[in-house]
Structures are given as structure tokens and as C-alpha cells.
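Accompanying notes for the structure given below.
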Amino acid sequence: MAKRRKKKKKIKYILLFLFILIVGLTCFYLFNKESFLGQIDYDINGDITYYDRYGIHLNFNGEFELNEEYNSPTLVLSNGRHEEIIDWDITDDGGNYSFKTSNYINEGINLEKLDIGTYYLLVKVNKDDESIYFPLINKTKYGNISYYTLTNDGNKKIDITWDKFEGHEILAFHVKSINLPDDVYDITIDPGHDGNDAGMIVCADGSVPNKQGKCASSQTYKESDINFTVSEALKNELESMGYKVKLTRDSKDDTVPTYGDMGSATTANATKSKFNFALHHNSTNIPGGMSSTHGLEVYVAGKSNLDLANLLVSNITKYGNTNVSTKDEFKVKNGIYQRFSDDGVTPYYYAIREVGGIATGAYVDGSNETYGKNPYFNSNDTAESYLIELGYIDNVKELKNILNNPKGYARGIALAIDEYLKKE
Ligand SMILES: [Zn+2]
């Protein structure tokens with residue numbers, strides 16, 4: 001009996017100790033946080049004039065004024081204990097500073113790299129050998145953003161919020177681990193066209209299909225079906241690498257609207273995907289297998305860093321056993337293309353333009369009834385978008401290569417994505 005009482009007492013002490021420890025740590029944490037926010041100089045502040053999240057990156061443009069007492073400004077993400085310097089391009093015009101975190105839409109702060117915790121985006125300056133932090137104020141019409149990290153490395157949610165500390169605005173990054181919601185994905189694949197719209201129809205022997213789209217002397221192939229076959233194989237490849245993947249349609253015969261809730265131009269953003277890949281096959285519209293044009297074309301948005309596009313080209317040509325396109329029009333470099341509307345800025349393909357929101361220049365808002373609604377046309381929180389023309393199916397030789405090896409093309413795309421994300 002005495003022994004048991006002793007044991008009970010011991011447990012009581014352990015519980016009491018744990019209670020004091022938890023209370024103590026909580027107080028220490030809260031005090032630390034408060035004291036860091038209390039150290040910030042709210043008399044000075046800068047402006048954020050633009051910001052967006054495109055893919056895995058977050059970008060800011062902004063400005064501030066400093067007199068001569070202050071020098072060496074740096075942009076930091078800090079909570080007093082952990083501090084990270086953020087790269088920026090900064091110009092000083094007699095104390096009027098303007099900055100941007102990148103010249104490319106798909107560079108900037110890599111959200112995948114943030115550790116669990118709360119951080120503040122601040123400018124750090126020196127005055128009399130002392131470091132001073134000041135906040136950045138939101139001068140854009142955009143509010144808070146929630147980002148979910150890629151699933152192959154545990155799930156984190158990052159709430160990028162304009163918080164208040166004693167009435168002062170301060171931009172906070174709250175990074176916590178979570179269970180990923182069912183309707184959030186890493187990557188969206190859009191198999192171009194659908195059950196209602198075949199895209200190009202071709203005959204295996206290079207002859208011309210009849211008016212009903214049927215070939216008299218050989219097998220008939222629809223672009224929409226080939227796009228789906230490669231997309232499905234790509235989904236399997238990426239899932240085996242640990243990514244969560246959404247297809248804009250689930251079968252060859254499925255029909256998909258362009259806009260609306262889960263359209264080919266809106267699914268990536270509705271699912272908070274980090275990337276959107278629209279897969280197509282090209283044609284020159286010269287009937288009868290006459291096309292001598294052939295090869296791969298990867299279309300990218302303007303102001304893009306080409307790292308992922310380069311990897312797509314090298315891996316697809318290798319595993320698809322194919323070549324870069326022989327076409328020169330719109331070519332930026334081998335296999336990589338940028339096609340714009342007449343304004344020279346807005347991407348020609350909606351799969352890049354509309355998915356990209358303000359980063360790429362989306363403009364369909366649903367006011368024109370021939371288009372559906374794009375809820376993300378003015379969004380600053382969108383997926384990084386690519387359109388890939390895997391090859392020319394009106395080139396008989398290339399059609400055969402694609403039909404024989406759809407998994408090779410898919411493997412090339414998946415390895416490119418994985419390599420890019422592991423390198424970043
Ligand atoms: Zn197409």
C-alpha cells in the first residue's frame with residue numbers, strides 16, 4: 001500500500017513539473033514574440049506596391065524613403081530568433097528606394113523552404129551601428145494568401161497575412177504543419193480538348209479523314225485522345241513520386257468547360273495547385289501526312305525564368321526519343337517558345353494566360369457571355385503554367401513515335417518537374 005501511495009505522489013510531482021514547464025515555455029515564447037514586435041520601429045515604414053504568388057514563389061515590389069542616418073537596407077524574414085535575408089533588386093534614388101524581389105514571375109521567395117514558425121517581412125537598416133527593423137504596408141488591393149506546400153515532403157500551410165501589432169500593420173508568415181484538405185492538389189494536368197472537341201483528327205497512314213472525321217483506309221486518331229493517354233501516364237508517374245495530381249478530365253469522353261468552376265482554365269487555381277501543364281499535340285493543317293515540321297514545343301509565359309522549361313525539353317526529348325521542334329516562329333531557344341497576343345505581352349494561349357492571373361495577364365472576367373467566368377482573372381495567387389505541344393501528329397513518323405511511347409513522354413515530363421522541385 002505504501003509503495004503505491006509513493007508512486008501516486010511521484011506521478012503528481014511529474015505532472016506538476018510538466019505543467020510548470022509548459023506554462024513557462026508558453027510565457028517565454030509569447031514574451032519573445034511580443035518583445036521582437038515591440039522592437040520594430042513603426043515610425044518608419046515602406047510600401048508594398050505589388051505582390052503575387054505564382055507557383056511555389058512569392059514576389060514583392062515596393063518602395064520606401066530613408067534619410068542619410070540610415071544605411072545598408074536589407075529585406076528579411078525574421079522573428080528575432082530566426083532571420084533570413086531575402087534577395088531583392090533595389091535602386092536608391094537619393095534616399096527614395098524602390099525594390100522588387102525578382103525580375104521573373106517564377107522566382108522570388110521560395111515558399112517550400114520556410115520552416116514551421118511565424119516570421120515577419122521587414123526591412124533591416126543600420127543607424128549608428130545599430131540594426132533597426134521597419135515594416136512594409138500593403139498598398140495593393142490584395143489581401144491575405146494561404147499556400148499549401150507540396151505533399152511529397154509532409155504538409156504545411158503558410159498563411160501570409162497582414163497582421164496588426166498595437167495598431168501597426170505588419171506582414172506575417174504563419175507556417176504550420178497540417179493535414180492537407182482533400183480538394184487541394186500539387187499539380188494540375190490539362191489534357192487538351194475533350195469529348196466534344198477532338199482537336200486535330202489524323203489517319204495513321206497520312207490520308208485525309210472524311211467529313212465525319214473517319215479515316216477510310218487506316219486507324220483514326222484524335223488529338224484529344226492522345227493528349228489524355230499521355231496525361232494519364234503523367235499522373236501515374238507523378239503520383240509514384242509522391243505528388244498529388246488533378247486531371248481536368250477523367251476520361252477520353254469527358255467534356256470540360258474552359259471557364260466556370262472546374263474548367264480547363266480554372267481547375268489549377270480552384271485546387272490551389274502549384275503548377276498547371278496543358279498537354280497538346282500539334283499540326284500544320286497540311287492534310288495527308290505531308291508535314292515535314294516535327295518536334296517538341298514548350299510554351300512559357302513572358303518574364304519567365306526558363307529553368308523548368310529547359311528541364312522539360314531535355315527530359316522529354318530523351319525519354320520520348322524525340323527532337324526539339326523545327327519551327328522558328330515564336331522560338332526563344334531550342335524547344336522553348338513564347339507566343340503573345342498583338343500587345344506583345346499577354347500570352348496567346350489561355351492555358352498560360354488565364355491560369356496565371358495577374359502574373360501572366362489573364363483578362364476573362366465573365367462579362368462577355370461567349371466566355372464563361374474565370375474567378376481567377378485578377379488573382380495574385382495562381383499556378384505556374386506551361387503548354388506543351390509534344391509533337392506533330394500530322395507527321396506520320398512522329399505520330400508513330402508518340403503512339404508507341406506515350407509513357408516515355410510522360411516520364412520525361414515527370415522527371416523534369418521532380419528535378420526542378422528538388423533543385424529549387
Ligand atoms: Zn490542341
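Going through the C-alpha cells in order, the chains are called A, B, and so on, while each chain numbers its residues from 1 and the ligands are numbered from 1 in the order shown.
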
Find the residues near Lys407 (chain A): any atom within 7 Å, counting only C-alpha atoms, skip ones fewer than 3 places away on the same chain, and give them as a CSV table (one decimal) with N, CA, C and O atoms, in the first residue's frame.
chain,number,residue,atom,x,y,z
A,230,VAL,N,-1.3,10.4,-72.7
A,230,VAL,CA,-0.1,10.9,-72.1
A,230,VAL,C,-0.3,11.5,-70.7
A,230,VAL,O,0.4,11.3,-69.7
A,233,ALA,N,-0.8,8.8,-68.1
A,233,ALA,CA,0.5,8.2,-67.7
A,233,ALA,C,1.3,9.2,-66.9
A,233,ALA,O,2.0,8.8,-65.9
A,410,ALA,N,5.6,10.9,-70.9
A,410,ALA,CA,5.1,11.2,-69.6
A,410,ALA,C,6.3,11.2,-68.6
A,410,ALA,O,6.4,12.0,-67.7
A,411,ARG,N,7.1,10.2,-68.7
A,411,ARG,CA,8.3,10.0,-67.8
A,411,ARG,C,9.2,11.2,-67.9
A,411,ARG,O,9.7,11.7,-66.9

**Item:** Backbone DSSP call of alpha helix (DSSP H) for region 209-351 of chain A, listed as a count of residues only
**Value:** 37

**Prompt:** A:Lys333, A:Lys113, A:Lys139, A:Lys246: which is nearest Thr266 (chain A), counting only C-alpha atoms?
**Reply:**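 Closest to Thr266 (chain A), using only C-alpha atoms: A:Lys246.
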
**Message:** What does the list of residues within 8 Å of ligand 1 look like if you count only C-alpha atoms and all ligand atoms, written as a PyMOL selection string?
**Reply:** chain A and resi 192-193+199-200+223-224+279-282+389

Pull the closest atom pair for each residue of region 93-116 of chain A that gets at most 12 Å from region 359-364 of chain A, along with the distance in Å to one decimal, counting only C-alpha atoms, ordering rows by chain and then ascending residue number, as JSON lines.
{"residue": "A:Asn103", "atom": "CA", "partner": "A:Ala359", "partner_atom": "CA", "distance": 11.7}
{"residue": "A:Tyr104", "atom": "CA", "partner": "A:Ala359", "partner_atom": "CA", "distance": 9.7}
{"residue": "A:Ile105", "atom": "CA", "partner": "A:Ala359", "partner_atom": "CA", "distance": 6.4}
{"residue": "A:Asn106", "atom": "CA", "partner": "A:Ala359", "partner_atom": "CA", "distance": 9.1}
{"residue": "A:Glu107", "atom": "CA", "partner": "A:Ala359", "partner_atom": "CA", "distance": 11.7}

**Request:** Enumerate, as a ChimeraX atom specification, the complete set of residues in region 270-385 of chain A that a backbone-based DSSP assignment places in strand (DSSP E).
**Result:** /A:275-282,297-299,331-333,336-337,381-382,384-385

Show me, as a PDB file with C-alpha atoms, in the first residue's frame, the residues that have an atom within 9 Å of Tyr221 (chain A) when counting only C-alpha atoms, minus same-chain residues fewer than 4 positions from it.
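Printed below is selection.pdb as written:
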ATOM      1  CA  MET A 200      -6.767  17.629 -84.843  1.00  0.00           C
ATOM      2  CA  ILE A 201      -8.002  14.310 -86.344  1.00  0.00           C
ATOM      3  CA  VAL A 202      -5.418  12.310 -88.288  1.00  0.00           C
ATOM      4  CA  CYS A 203      -5.127   8.979 -90.109  1.00  0.00           C
ATOM      5  CA  ALA A 204      -2.352   6.510 -89.314  1.00  0.00           C
ATOM      6  CA  LYS A 214     -13.202   8.996 -90.026  1.00  0.00           C
ATOM      7  CA  CYS A 215     -10.311   7.520 -91.962  1.00  0.00           C
ATOM      8  CA  ASP A 225      -7.396  11.048 -77.016  1.00  0.00           C
ATOM      9  CA  ILE A 226      -3.604  11.110 -77.390  1.00  0.00           C
ATOM     10  CA  ILE A 393       0.583  14.258 -85.263  1.00  0.00           C
TER      11      ILE A 393
END

**Message:** I need the residue nearest Val332 (chain A) from this list: A:Gly302, A:Pro191, A:Gly344, A:Gly24. Use only C-alpha atoms for the distance.
**Reply:**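 Using only C-alpha atoms, the shortest distance to Val332 (chain A) belongs to A:Gly302.
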
Residues of region 162-251 of chain A at most 9 Å from region 35-53 of chain A: nearest atom pair and distance in Å, only C-alpha atoms, as CSV:
residue,atom,partner,partner_atom,distance
A:Phe165,CA,A:Leu37,CA,7.2
A:Glu166,CA,A:Gly38,CA,9.0
A:His168,CA,A:Tyr42,CA,7.0
A:Glu169,CA,A:Tyr42,CA,8.8

Can you write just those residues out, N, CA and C atoms, as a PDB file, in the first residue's frame?
ATOM      1  N   PHE A 165      -0.090  44.817 -34.981  1.00  0.00           N
ATOM      2  CA  PHE A 165       0.537  44.800 -33.657  1.00  0.00           C
ATOM      3  C   PHE A 165       0.399  46.202 -33.069  1.00  0.00           C
ATOM      4  N   GLU A 166      -0.376  46.307 -32.011  1.00  0.00           N
ATOM      5  CA  GLU A 166      -0.678  47.603 -31.378  1.00  0.00           C
ATOM      6  C   GLU A 166      -1.072  48.646 -32.421  1.00  0.00           C
ATOM      7  N   HIS A 168      -0.389  48.710 -35.561  1.00  0.00           N
ATOM      8  CA  HIS A 168       0.511  48.847 -36.703  1.00  0.00           C
ATOM      9  C   HIS A 168       0.415  47.624 -37.604  1.00  0.00           C
ATOM     10  N   GLU A 169       0.414  47.909 -38.916  1.00  0.00           N
ATOM     11  CA  GLU A 169       0.317  46.813 -39.871  1.00  0.00           C
ATOM     12  C   GLU A 169       1.682  46.139 -40.039  1.00  0.00           C
TER      13      GLU A 169
END

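Shortest separation to Asn227 (chain A) among A:Lys141, A:Lys400, A:Pro406, A:Met241 occurs at residue A:Pro406, atoms counted being only C-alpha atoms.
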
**Asked** Which residues, written as an MDAnalysis selection string, have at least one atom at most 10 Å from Asp115 (chain A), with only C-alpha atoms counted and residues fewer than 6 positions away on the same chain left out?
**Response** chainID A and resid 82 156 158 174:177

Do you know which residues are at most 12 Å from Tyr350 (chain A) counting only C-alpha atoms, after dropping those on the same chain fewer than 2 positions away, and could you put them as a CSV table (one decimal) with all heavy atoms, in the first residue's frame?
chain,number,residue,atom,x,y,z
A,190,ASP,N,-3.8,19.3,-67.7
A,190,ASP,CA,-5.0,19.6,-68.5
A,190,ASP,C,-4.8,18.9,-69.9
A,190,ASP,O,-4.1,19.4,-70.7
A,190,ASP,CB,-5.1,21.1,-68.7
A,190,ASP,CG,-6.2,21.5,-69.6
A,190,ASP,OD1,-7.2,20.7,-69.7
A,190,ASP,OD2,-6.1,22.5,-70.3
A,192,GLY,N,-5.4,18.5,-73.3
A,192,GLY,CA,-6.0,19.5,-74.2
A,192,GLY,C,-7.2,18.9,-74.9
A,192,GLY,O,-7.3,17.7,-75.3
A,258,THR,N,-14.2,25.5,-70.6
A,258,THR,CA,-12.9,26.2,-70.5
A,258,THR,C,-12.9,27.0,-69.1
A,258,THR,O,-11.9,26.9,-68.4
A,258,THR,CB,-12.7,27.2,-71.6
A,258,THR,OG1,-12.9,26.5,-72.9
A,258,THR,CG2,-11.4,27.9,-71.6
A,259,TYR,N,-14.0,27.7,-68.8
A,259,TYR,CA,-14.0,28.5,-67.6
A,259,TYR,C,-15.0,27.9,-66.6
A,259,TYR,O,-15.2,26.7,-66.7
A,259,TYR,CB,-14.4,30.0,-68.0
A,259,TYR,CG,-13.3,30.6,-68.9
A,259,TYR,CD1,-13.6,30.8,-70.2
A,259,TYR,CD2,-12.1,30.9,-68.3
A,259,TYR,CE1,-12.6,31.4,-71.0
A,259,TYR,CE2,-11.1,31.5,-69.1
A,259,TYR,CZ,-11.4,31.7,-70.5
A,259,TYR,OH,-10.4,32.3,-71.3
A,263,GLY,N,-13.1,24.3,-64.8
A,263,GLY,CA,-12.8,24.3,-66.3
A,263,GLY,C,-11.3,24.0,-66.5
A,263,GLY,O,-10.6,24.0,-65.6
A,264,SER,N,-11.0,23.9,-67.8
A,264,SER,CA,-9.6,23.7,-68.1
A,264,SER,C,-8.7,24.9,-67.7
A,264,SER,O,-7.5,24.7,-67.5
A,264,SER,CB,-9.4,23.3,-69.6
A,264,SER,OG,-9.9,24.3,-70.4
A,265,ALA,N,-9.3,26.1,-67.7
A,265,ALA,CA,-8.5,27.2,-67.3
A,265,ALA,C,-8.6,27.6,-65.8
A,265,ALA,O,-8.0,28.5,-65.4
A,265,ALA,CB,-9.0,28.4,-68.2
A,266,THR,N,-9.5,26.9,-65.1
A,266,THR,CA,-9.7,27.3,-63.7
A,266,THR,C,-9.4,26.2,-62.6
A,266,THR,O,-9.2,26.5,-61.5
A,266,THR,CB,-11.2,27.8,-63.5
A,266,THR,OG1,-12.0,26.7,-63.9
A,266,THR,CG2,-11.5,29.0,-64.3
A,276,ASN,N,0.4,24.1,-63.5
A,276,ASN,CA,-0.6,23.6,-64.5
A,276,ASN,C,0.2,23.3,-65.8
A,276,ASN,O,0.9,24.1,-66.3
A,276,ASN,CB,-1.6,24.7,-64.8
A,276,ASN,CG,-2.7,24.3,-65.7
A,276,ASN,OD1,-3.6,23.5,-65.3
A,276,ASN,ND2,-2.7,24.8,-66.9
A,277,PHE,N,0.0,22.1,-66.2
A,277,PHE,CA,0.6,21.7,-67.5
A,277,PHE,C,-0.5,21.3,-68.5
A,277,PHE,O,-1.3,20.3,-68.2
A,277,PHE,CB,1.5,20.5,-67.3
A,277,PHE,CG,2.7,20.8,-66.4
A,277,PHE,CD1,2.7,20.6,-65.1
A,277,PHE,CD2,3.8,21.4,-67.0
A,277,PHE,CE1,3.7,20.9,-64.3
A,277,PHE,CE2,4.9,21.7,-66.2
A,277,PHE,CZ,4.9,21.5,-64.8
A,278,ALA,N,-0.7,22.1,-69.5
A,278,ALA,CA,-1.7,21.7,-70.6
A,278,ALA,C,-0.9,20.9,-71.7
A,278,ALA,O,0.1,21.4,-72.2
A,278,ALA,CB,-2.3,23.0,-71.2
A,299,TYR,N,5.7,25.9,-74.4
A,299,TYR,CA,5.3,27.3,-74.4
A,299,TYR,C,5.3,27.8,-72.9
A,299,TYR,O,4.8,27.1,-72.1
A,299,TYR,CB,4.0,27.5,-75.0
A,299,TYR,CG,4.0,27.4,-76.5
A,299,TYR,CD1,4.0,26.1,-77.2
A,299,TYR,CD2,4.2,28.5,-77.3
A,299,TYR,CE1,4.1,26.1,-78.6
A,299,TYR,CE2,4.3,28.5,-78.7
A,299,TYR,CZ,4.3,27.2,-79.3
A,299,TYR,OH,4.4,27.1,-80.7
A,300,VAL,N,6.0,29.0,-72.7
A,300,VAL,CA,6.1,29.5,-71.4
A,300,VAL,C,5.5,31.0,-71.4
A,300,VAL,O,5.5,31.6,-72.4
A,300,VAL,CB,7.5,29.5,-70.9
A,300,VAL,CG1,8.1,28.1,-70.9
A,300,VAL,CG2,8.4,30.5,-71.7
A,301,ALA,N,5.2,31.5,-70.2
A,301,ALA,CA,4.7,32.8,-70.1
A,301,ALA,C,5.9,33.8,-70.2
A,301,ALA,O,7.1,33.4,-70.2
A,301,ALA,CB,4.1,33.0,-68.7
A,339,ARG,N,4.6,32.7,-77.2
A,339,ARG,CA,3.7,33.3,-78.2
A,339,ARG,C,2.8,34.3,-77.5
A,339,ARG,O,2.1,34.0,-76.5
A,339,ARG,CB,2.9,32.2,-78.9
A,339,ARG,CG,2.1,32.7,-80.0
A,339,ARG,CD,1.4,31.6,-80.7
A,339,ARG,NE,0.6,32.2,-81.8
A,339,ARG,CZ,-0.2,31.5,-82.6
A,339,ARG,NH1,-0.3,30.2,-82.4
A,339,ARG,NH2,-0.9,32.1,-83.6
A,340,PHE,N,2.8,35.5,-78.0
A,340,PHE,CA,2.0,36.6,-77.3
A,340,PHE,C,0.9,37.1,-78.3
A,340,PHE,O,0.9,36.9,-79.5
A,340,PHE,CB,2.9,37.8,-77.0
A,340,PHE,CG,4.0,37.4,-76.0
A,340,PHE,CD1,5.3,37.4,-76.4
A,340,PHE,CD2,3.7,37.1,-74.7
A,340,PHE,CE1,6.3,37.0,-75.5
A,340,PHE,CE2,4.7,36.8,-73.8
A,340,PHE,CZ,6.0,36.7,-74.2
A,341,SER,N,-0.1,37.7,-77.6
A,341,SER,CA,-1.2,38.4,-78.4
A,341,SER,C,-0.6,39.6,-79.1
A,341,SER,O,0.6,39.9,-78.9
A,341,SER,CB,-2.3,38.8,-77.5
A,341,SER,OG,-2.7,37.7,-76.7
A,346,THR,N,0.7,39.8,-73.5
A,346,THR,CA,-0.2,38.8,-73.0
A,346,THR,C,0.0,37.5,-73.7
A,346,THR,O,0.0,37.4,-74.9
A,346,THR,CB,-1.7,39.2,-73.2
A,346,THR,OG1,-1.8,40.6,-72.9
A,346,THR,CG2,-2.6,38.5,-72.4
A,347,PRO,N,0.2,36.4,-73.0
A,347,PRO,CA,0.3,35.1,-73.7
A,347,PRO,C,-0.9,34.7,-74.6
A,347,PRO,O,-2.0,35.0,-74.2
A,347,PRO,CB,0.4,34.1,-72.5
A,347,PRO,CG,0.9,34.9,-71.4
A,347,PRO,CD,0.3,36.2,-71.5
A,348,TYR,N,-0.5,34.2,-75.7
A,348,TYR,CA,-1.6,33.8,-76.7
A,348,TYR,C,-2.5,32.7,-76.2
A,348,TYR,O,-3.7,32.7,-76.4
A,348,TYR,CB,-0.8,33.4,-78.0
A,348,TYR,CG,-1.7,33.0,-79.1
A,348,TYR,CD1,-2.4,33.9,-79.9
A,348,TYR,CD2,-1.9,31.6,-79.3
A,348,TYR,CE1,-3.2,33.4,-81.0
A,348,TYR,CE2,-2.8,31.1,-80.3
A,348,TYR,CZ,-3.4,32.1,-81.2
A,348,TYR,OH,-4.2,31.6,-82.2
A,352,ILE,N,-2.0,29.3,-70.5
A,352,ILE,CA,-0.9,30.0,-69.7
A,352,ILE,C,-1.5,31.3,-69.2
A,352,ILE,O,-1.4,31.6,-68.0
A,352,ILE,CB,0.3,30.3,-70.6
A,352,ILE,CG1,0.9,29.0,-71.1
A,352,ILE,CG2,1.3,31.2,-69.9
A,352,ILE,CD1,2.0,29.2,-72.2
A,353,ARG,N,-2.2,32.1,-70.1
A,353,ARG,CA,-2.7,33.4,-69.7
A,353,ARG,C,-3.7,33.4,-68.6
A,353,ARG,O,-3.5,34.0,-67.6
A,353,ARG,CB,-3.3,34.0,-71.0
A,353,ARG,CG,-3.8,35.5,-70.9
A,353,ARG,CD,-4.5,35.9,-72.1
A,353,ARG,NE,-5.7,35.1,-72.3
A,353,ARG,CZ,-6.1,34.5,-73.4
A,353,ARG,NH1,-5.4,34.5,-74.5
A,353,ARG,NH2,-7.3,33.8,-73.4
A,354,GLU,N,-4.8,32.6,-68.8
A,354,GLU,CA,-5.9,32.7,-67.8
A,354,GLU,C,-5.5,32.0,-66.5
A,354,GLU,O,-6.0,32.4,-65.4
A,354,GLU,CB,-7.1,32.1,-68.4
A,354,GLU,CG,-7.7,32.9,-69.6
A,354,GLU,CD,-8.0,34.3,-69.3
A,354,GLU,OE1,-8.4,34.6,-68.2
A,354,GLU,OE2,-8.0,35.1,-70.3
A,355,VAL,N,-4.7,31.0,-66.6
A,355,VAL,CA,-4.3,30.2,-65.3
A,355,VAL,C,-3.4,31.1,-64.5
A,355,VAL,O,-3.5,31.1,-63.3
A,355,VAL,CB,-3.7,28.9,-65.6
A,355,VAL,CG1,-3.4,28.1,-64.4
A,355,VAL,CG2,-4.6,28.0,-66.5
A,356,GLY,N,-2.6,31.9,-65.2
A,356,GLY,CA,-1.6,32.7,-64.4
A,356,GLY,C,-2.1,33.9,-63.7
A,356,GLY,O,-1.4,34.5,-62.9
A,357,GLY,N,-3.4,34.3,-63.9
A,357,GLY,CA,-3.9,35.5,-63.2
A,357,GLY,C,-3.1,36.8,-63.5
A,357,GLY,O,-2.7,36.9,-64.7
A,360,THR,N,0.5,36.6,-65.4
A,360,THR,CA,0.7,36.4,-66.8
A,360,THR,C,-0.3,37.3,-67.7
A,360,THR,O,-0.1,37.3,-68.9
A,360,THR,CB,0.4,34.9,-67.2
A,360,THR,OG1,-0.9,34.6,-66.8
A,360,THR,CG2,1.4,34.0,-66.6
A,361,GLY,N,-1.2,37.9,-67.0
A,361,GLY,CA,-2.1,38.8,-67.8
A,361,GLY,C,-3.5,38.3,-68.1
A,361,GLY,O,-4.0,38.6,-69.2
A,362,ALA,N,-4.1,37.5,-67.3
A,362,ALA,CA,-5.4,37.0,-67.6
A,362,ALA,C,-6.4,38.1,-67.7
A,362,ALA,O,-6.2,39.1,-67.0
A,362,ALA,CB,-5.9,36.0,-66.5
A,363,TYR,N,-7.5,38.0,-68.5
A,363,TYR,CA,-8.4,39.1,-68.6
A,363,TYR,C,-9.9,38.7,-68.7
A,363,TYR,O,-10.7,39.5,-68.8
A,363,TYR,CB,-8.0,40.0,-69.7
A,363,TYR,CG,-7.9,39.4,-71.1
A,363,TYR,CD1,-9.0,39.0,-71.8
A,363,TYR,CD2,-6.6,39.2,-71.6
A,363,TYR,CE1,-8.9,38.4,-73.1
A,363,TYR,CE2,-6.5,38.6,-72.9
A,363,TYR,CZ,-7.6,38.2,-73.6
A,363,TYR,OH,-7.5,37.6,-74.8
A,364,VAL,N,-10.1,37.4,-68.8
A,364,VAL,CA,-11.5,37.0,-69.0
A,364,VAL,C,-12.2,37.0,-67.6
A,364,VAL,O,-11.8,36.3,-66.7
A,364,VAL,CB,-11.6,35.6,-69.5
A,364,VAL,CG1,-13.1,35.0,-69.4
A,364,VAL,CG2,-11.2,35.6,-71.0
A,371,TYR,N,-17.6,33.7,-73.4
A,371,TYR,CA,-16.7,33.1,-72.5
A,371,TYR,C,-17.4,32.8,-71.2
A,371,TYR,O,-18.4,33.5,-70.9
A,371,TYR,CB,-15.5,34.0,-72.2
A,371,TYR,CG,-14.8,34.5,-73.3
A,371,TYR,CD1,-14.7,35.9,-73.6
A,371,TYR,CD2,-14.1,33.6,-74.2
A,371,TYR,CE1,-14.0,36.4,-74.7
A,371,TYR,CE2,-13.4,34.1,-75.3
A,371,TYR,CZ,-13.4,35.5,-75.5
A,371,TYR,OH,-12.7,35.9,-76.6
A,374,ASN,N,-14.2,33.4,-65.3
A,374,ASN,CA,-12.9,33.0,-64.7
A,374,ASN,C,-12.7,33.7,-63.4
A,374,ASN,O,-12.3,34.9,-63.4
A,374,ASN,CB,-11.7,33.4,-65.7
A,374,ASN,CG,-10.4,33.0,-65.1
A,374,ASN,OD1,-10.3,32.4,-64.0
A,374,ASN,ND2,-9.3,33.5,-65.7
A,377,PHE,N,-9.3,35.7,-62.8
A,377,PHE,CA,-8.7,36.5,-63.9
A,377,PHE,C,-7.8,37.6,-63.3
A,377,PHE,O,-6.9,38.1,-63.9
A,377,PHE,CB,-9.8,37.1,-64.8
A,377,PHE,CG,-10.5,38.3,-64.3
A,377,PHE,CD1,-10.1,39.6,-64.7
A,377,PHE,CD2,-11.5,38.2,-63.3
A,377,PHE,CE1,-10.7,40.7,-64.3
A,377,PHE,CE2,-12.1,39.4,-62.9
A,377,PHE,CZ,-11.7,40.6,-63.3
A,385,SER,N,2.3,28.1,-65.1
A,385,SER,CA,1.6,27.4,-66.2
A,385,SER,C,2.5,27.2,-67.4
A,385,SER,O,3.2,28.1,-67.9
A,385,SER,CB,0.4,28.3,-66.6
A,385,SER,OG,-0.4,28.5,-65.5
A,386,TYR,N,2.3,26.0,-68.0
A,386,TYR,CA,3.0,25.7,-69.2
A,386,TYR,C,2.0,25.0,-70.2
A,386,TYR,O,1.1,24.3,-69.8
A,386,TYR,CB,4.1,24.7,-68.9
A,386,TYR,CG,5.2,25.3,-68.1
A,386,TYR,CD1,5.1,25.4,-66.7
A,386,TYR,CD2,6.4,25.8,-68.7
A,386,TYR,CE1,6.1,26.0,-65.9
A,386,TYR,CE2,7.4,26.4,-67.9
A,386,TYR,CZ,7.2,26.5,-66.5
A,386,TYR,OH,8.2,27.1,-65.8
A,387,LEU,N,2.3,25.2,-71.5
A,387,LEU,CA,1.6,24.5,-72.5
A,387,LEU,C,2.6,23.7,-73.3
A,387,LEU,O,3.6,24.3,-73.8
A,387,LEU,CB,0.7,25.4,-73.4
A,387,LEU,CG,-0.1,24.7,-74.5
A,387,LEU,CD1,-1.5,25.4,-74.6
A,387,LEU,CD2,0.6,24.6,-75.8

**Asked** What does the distance from CA of Met262 (chain A) to CA of Asp183 (chain A) come to in Å, to one decimal?
**Response**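 A separation of 11.6 Å between them.
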
**Test item: residues at most 10 Å from Asp394 (chain A), only C-alpha atoms, excluding those fewer than 2 positions along its chain, as a ChimeraX atom specification** = /A:200-208,281-294,391-392,396-399

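Taking CA of Ala309 (chain A) and CA of Ile336 (chain A) as the two end points, the separation is 6.7 Å.
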
**Asked** So which residues touch Leu238 (chain A) within 10 Å, counting only C-alpha atoms, skipping near sequence neighbours fewer than 5 positions away, as a list in words?
**Response**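 Within the cut-off, the hits are Asp186, Ile187, Ala233, Tyr243, Lys244, Val245, Ala410, Arg411, Ile413, Ala414, Leu415, Ile417 and Asp418 of chain A.
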